[in-house]
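**Student:** A single structure is presented below for examination.
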Amino acid sequence: MSTAQNPKSFSSEMKSADPSMLNRSMGIWNSFTLGFAVVSPVVGLYAIVGVQTNVTGGGWFPALVSCLIMQLLVATVYAELSSQFPIAGGAYKWARQLGGTILGQYAGAIYISSTIAMLTTTAYTGGIWLAILFDSPSETGAMMVLWGAAFLLICMLLNLAHVNVFKSVIALGVYAEIIGSFGMALLLFLFFREHPFSELFQHLGTGTAPDELSAFLAALAIAGWAFIGFDACSTTSEETHQPTRMVPRAIFFSLCAVGTVVVFNSAALTLSFDHATLAKTSATFDPITPLITTHIGDWFEKPFLAIVVIAFLACGASVVKYTSRIVFSMAREGNMPVSLSRVTAAKAPRNAILCTVFLAGLGLLFGLNNEAVATIIAFGTGGLYAMFSMTTGVGLYTRLTGRWDPALGELRLGVWGLIINIAAFLWSLFELINIAWPRTYLASPDAPWWQLWAVPLVLGSILGVTTLTILIRRSK
């Protein structure tokens, strides 16, 4: 019978494990930039602005702000957990530590599948921007897959390179975000603003959504994509100096920084362009560049595209590192092939990196069918909110039953920790259901039924396969 391990024994478990399995080469700045790059204002906002405008018609700014505030509560629970359990695997390891090995297996299966889907989505959309930068056609499914594969290959090489090369590229990506995202938004806001602030709250329900309530709920679901990935800081805890102090700060500050930029950028875009122009460009793969060049000039198109591609590459490379550490942690504990837990002389989990990229590459093949791509994108968000629900739920249950004492960690919130945990769990559960809810107006008119039910179908399949695996292991 599988039972939860005693959380108090966690520190002794860490000491008994080989502390040099992964190279502890990351400081607070590196952990922050990793989290910032994974959440990525450019990737997060530019990926949803077109969908938001098309579905809601406008007025989605309040939903974006609401989603950020609630995600900050989730991040706070993650910060509490990482201050006490700083080990590779993050939420997977916490589920196993607090809920037992079986719950850990379910958590690991959902976590890996979700982050692989997130990486596939980033590679697919990043490949489109790469193709636009080089003026290459990417209209066909095959060309999109090829460009996505090229993007993924670059991300893999960055992870296999020397750790200083990886750090430099991620830092460059953050600078690109500051220039290409916040800098452009500041320029638009200060010099090209055309509307009063009331424009941020208008036109809700004028898109494909049938009414204002439906539009707002859809806006919350879509906004969920913009604020995932902050947990990347926790999956690399073993590689961070003073992790019990630094990782919680990196989690919280990375989401705060990204959230501020995304909210400001969305406001700047909405206030700088008329509603008809936003609606028109939302139907294209690149809804942003035409808007920017309208005010600044065509000469800025290539530099702007280069900045966006750098930001996407930093995000993709960070997601590879983020996911490979979950693979590494699961393999180290026997839930994946043990060969994936081996490290190089430089203490890097090369096999886990290769496995991560290979699986994401297989996911890219779904890009040959646009309907399948939509399914991957939907599950990438829904699966991670399932993990948020599981993590905050396990945290709440073990907190109430005394199996987890947050006071033993570096971050001590007292009674506020319980209140935040309850709110974070309820929000995560609500947003998971909201994202998974089938909406015909959020899909293409001829979308098959299974695309509308993508999140529950894929999650159900993962849980079913995991259950079967557990039963087979028990029978042996």
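Going by the structure tokens order, chains are called A, B, ..., each with residues numbered from 1, while ligands are numbered from 1 in the order shown.
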Show which residues sit within 7 Å of A:Ala88, as a PyMOL selection string. Count only C-alpha atoms, and ignore same-chain residues fewer than 6 positions away.
**Tutor:** chain A and resi 235-238+325-326+329
**Student:** May I have the selected residues written with C-alpha atoms, as a PDB file, in the first residue's frame?
**Tutor:**
```
ATOM      1  CA  THR A 235      11.437  22.407 -11.064  1.00  0.00           C
ATOM      2  CA  THR A 236      15.020  23.719 -11.171  1.00  0.00           C
ATOM      3  CA  SER A 237      15.376  24.146  -7.394  1.00  0.00           C
ATOM      4  CA  GLU A 238      18.248  21.647  -7.234  1.00  0.00           C
ATOM      5  CA  ARG A 325      13.822  18.459 -14.970  1.00  0.00           C
ATOM      6  CA  ILE A 326      10.405  16.906 -14.377  1.00  0.00           C
ATOM      7  CA  SER A 329      13.001  13.711 -11.316  1.00  0.00           C
TER       8      SER A 329
END
```
**Student:** Which residues are close to A:Phe358, i.e. within 10 Å by only C-alpha atoms, leaving aside same-chain residues fewer than 4 positions away? Reply as a count of residues only.
**Tutor:** 10
**Student:** Using only C-alpha atoms, find the one residue out of A:Thr101, A:Tyr124, A:Ala209, A:Ile307 that sits nearest to A:Ser181.
**Tutor:**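 The answer is A:Ile307, which sits nearest to A:Ser181.
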**Student:** Might you pull out every residue within 6 Å of A:Gly173, with only C-alpha atoms counted and same-chain residues fewer than 2 positions away left off, and present them as a list in words?
**Tutor:**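 Here the answer would be Ile170, Ala171, Tyr175, Ala176, Ile310, Ala311 and Ala314 of chain A.
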**Student:** Would you put the residues from that selection into a file with C-alpha atoms, as a PDB file, in the first residue's frame?
**Tutor:**
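The file below, again-v8.pdb, is the result:
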```pdb
ATOM      1  CA  ILE A 170      17.797  33.555 -21.532  1.00  0.00           C
ATOM      2  CA  ALA A 171      19.054  36.934 -20.296  1.00  0.00           C
ATOM      3  CA  TYR A 175      16.123  42.081 -22.588  1.00  0.00           C
ATOM      4  CA  ALA A 176      14.290  41.438 -25.858  1.00  0.00           C
ATOM      5  CA  ILE A 310      14.562  36.003 -29.634  1.00  0.00           C
ATOM      6  CA  ALA A 311      11.891  36.187 -26.942  1.00  0.00           C
ATOM      7  CA  ALA A 314      14.285  32.120 -24.817  1.00  0.00           C
TER       8      ALA A 314
END
```
**Student:** Taking only C-alpha atoms into account, name the residue in A:Leu452, A:Val145, A:Leu408, A:Ala161 that is nearest to A:Arg350.
**Tutor:**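 Closest to A:Arg350 of all the choices is A:Ala161.
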**Student:** Smallest atom-to-atom distance to A:Val309: which of A:Val174, A:Leu103, A:Val262, A:Leu217, using only C-alpha atoms?
**Tutor:**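 Ranking A:Val174, A:Leu103, A:Val262, A:Leu217 by distance to A:Val309, first place goes to A:Val174.
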**Student:** Which residues are close to stretch 230-234 of chain A, i.e. within 7 Å by only C-alpha atoms, leaving aside same-chain residues fewer than 5 positions away? Reply as a PDB file with C-alpha atoms, in the first residue's frame.
**Tutor:**
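Wrote selection.pdb, looks like this:
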```
ATOM      1  CA  SER A  31      15.991  31.549 -11.565  1.00  0.00           C
ATOM      2  CA  LEU A  34      14.031  31.375 -16.305  1.00  0.00           C
ATOM      3  CA  GLY A  35      10.582  31.932 -14.818  1.00  0.00           C
ATOM      4  CA  VAL A  38       8.783  30.672 -19.555  1.00  0.00           C
ATOM      5  CA  VAL A  39       5.800  32.887 -18.710  1.00  0.00           C
ATOM      6  CA  SER A  82       9.246  25.377  -2.664  1.00  0.00           C
ATOM      7  CA  PRO A  86      13.319  22.586  -3.010  1.00  0.00           C
ATOM      8  CA  GLY A  90       8.561  20.781  -8.311  1.00  0.00           C
ATOM      9  CA  VAL A 247      13.149  29.968  -5.431  1.00  0.00           C
ATOM     10  CA  ALA A 250      11.838  33.921  -8.132  1.00  0.00           C
ATOM     11  CA  ILE A 251       8.389  32.314  -8.488  1.00  0.00           C
ATOM     12  CA  SER A 254       8.692  36.429 -12.176  1.00  0.00           C
ATOM     13  CA  LEU A 255       4.896  36.228 -12.283  1.00  0.00           C
ATOM     14  CA  TYR A 322      11.654  23.213 -17.200  1.00  0.00           C
TER      15      TYR A 322
END
```
**Student:** Nearest to A:Ala424: which of A:Ile179, A:Leu187, A:Val74, A:Ile69 is it, counting only C-alpha atoms?
**Tutor:**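 Closest to A:Ala424, using only C-alpha atoms: A:Val74.
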**Student:** Report, in Å to a single decimal, how far apart atom CA of A:Leu463 and atom CA of A:Arg342 are.
**Tutor:**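 Interatomic distance, atom CA of A:Arg342 to atom CA of A:Leu463: 27.3 Å.
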**Student:** What gap, in Å, lies between atom CA of A:Gly44 and atom CA of A:Trp94?
**Tutor:**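 Atom-to-atom, atom CA of A:Gly44 and atom CA of A:Trp94 are spaced 26.5 Å apart.
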**Student:** Please compute the atom CA of A:Ser214-atom CA of A:Phe273 distance, one decimal, in Å.
**Tutor:**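 Calculated distance between atom CA of A:Ser214 and atom CA of A:Phe273 is 24.5 Å.
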**Student:** With only C-alpha atoms as the counted atoms, please give the residues lying no more than 12 Å from stretch 45-47 of chain A, apart from itself and same-chain residues fewer than 6 positions off, as a count of residues only.
**Tutor:** 49
**Student:** I need the residues in stretch 105-200 of chain A that are alpha helix (DSSP H) according to DSSP; give them as an MDAnalysis selection string.
**Tutor:** chainID A and resid 105:133 141:160 163:177 184:191
**Student:** Identify, on the basis of only C-alpha atoms, every residue whose closest approach to A:Leu442 does not exceed 12 Å; exclude the query and any residue fewer than 5 positions from it along the same chain; express the result as a list in words.
**Tutor:**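 Once the nearby chain positions are removed, what remains is Val51, Gln52, Thr53, Asn54, Val55, Thr56, Gly207, Thr208, Ala209, Pro210, Ser214, Ala215, Leu217, Ala218, Ala219, Ala221, Ile222, Ala374, Thr375, Ala378, Ile435, Ala436, Trp437, Ala447, Gln451, Leu452 and Trp453 of chain A.
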**Student:** Within 9 Å of A:Met118, counting only C-alpha atoms, which residues show up once you throw out same-chain ones fewer than 3 positions away? Write them as a list in words, please.
**Tutor:**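 Within the cut-off, the hits are Ser113, Ser114, Thr115, Thr121, Thr122, Ala123, Val319, Ala360, Ile376, Ile377, Phe379, Gly380, Thr381 and Leu384 of chain A.
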**Student:** Of the candidates A:Phe85, A:Phe36, A:Phe189, A:Trp450, which one gets nearest to A:Cys315 if we count only C-alpha atoms?
**Tutor:**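 Using only C-alpha atoms, the shortest distance to A:Cys315 belongs to A:Phe36.
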**Student:** Looking at only C-alpha atoms, which of A:Gly464, A:Ala79, A:Ser25, A:Arg439 is the one that sits closest to A:Arg245?
**Tutor:**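 Of A:Gly464, A:Ala79, A:Ser25, A:Arg439, the one nearest A:Arg245, counting only C-alpha atoms, is A:Ala79.
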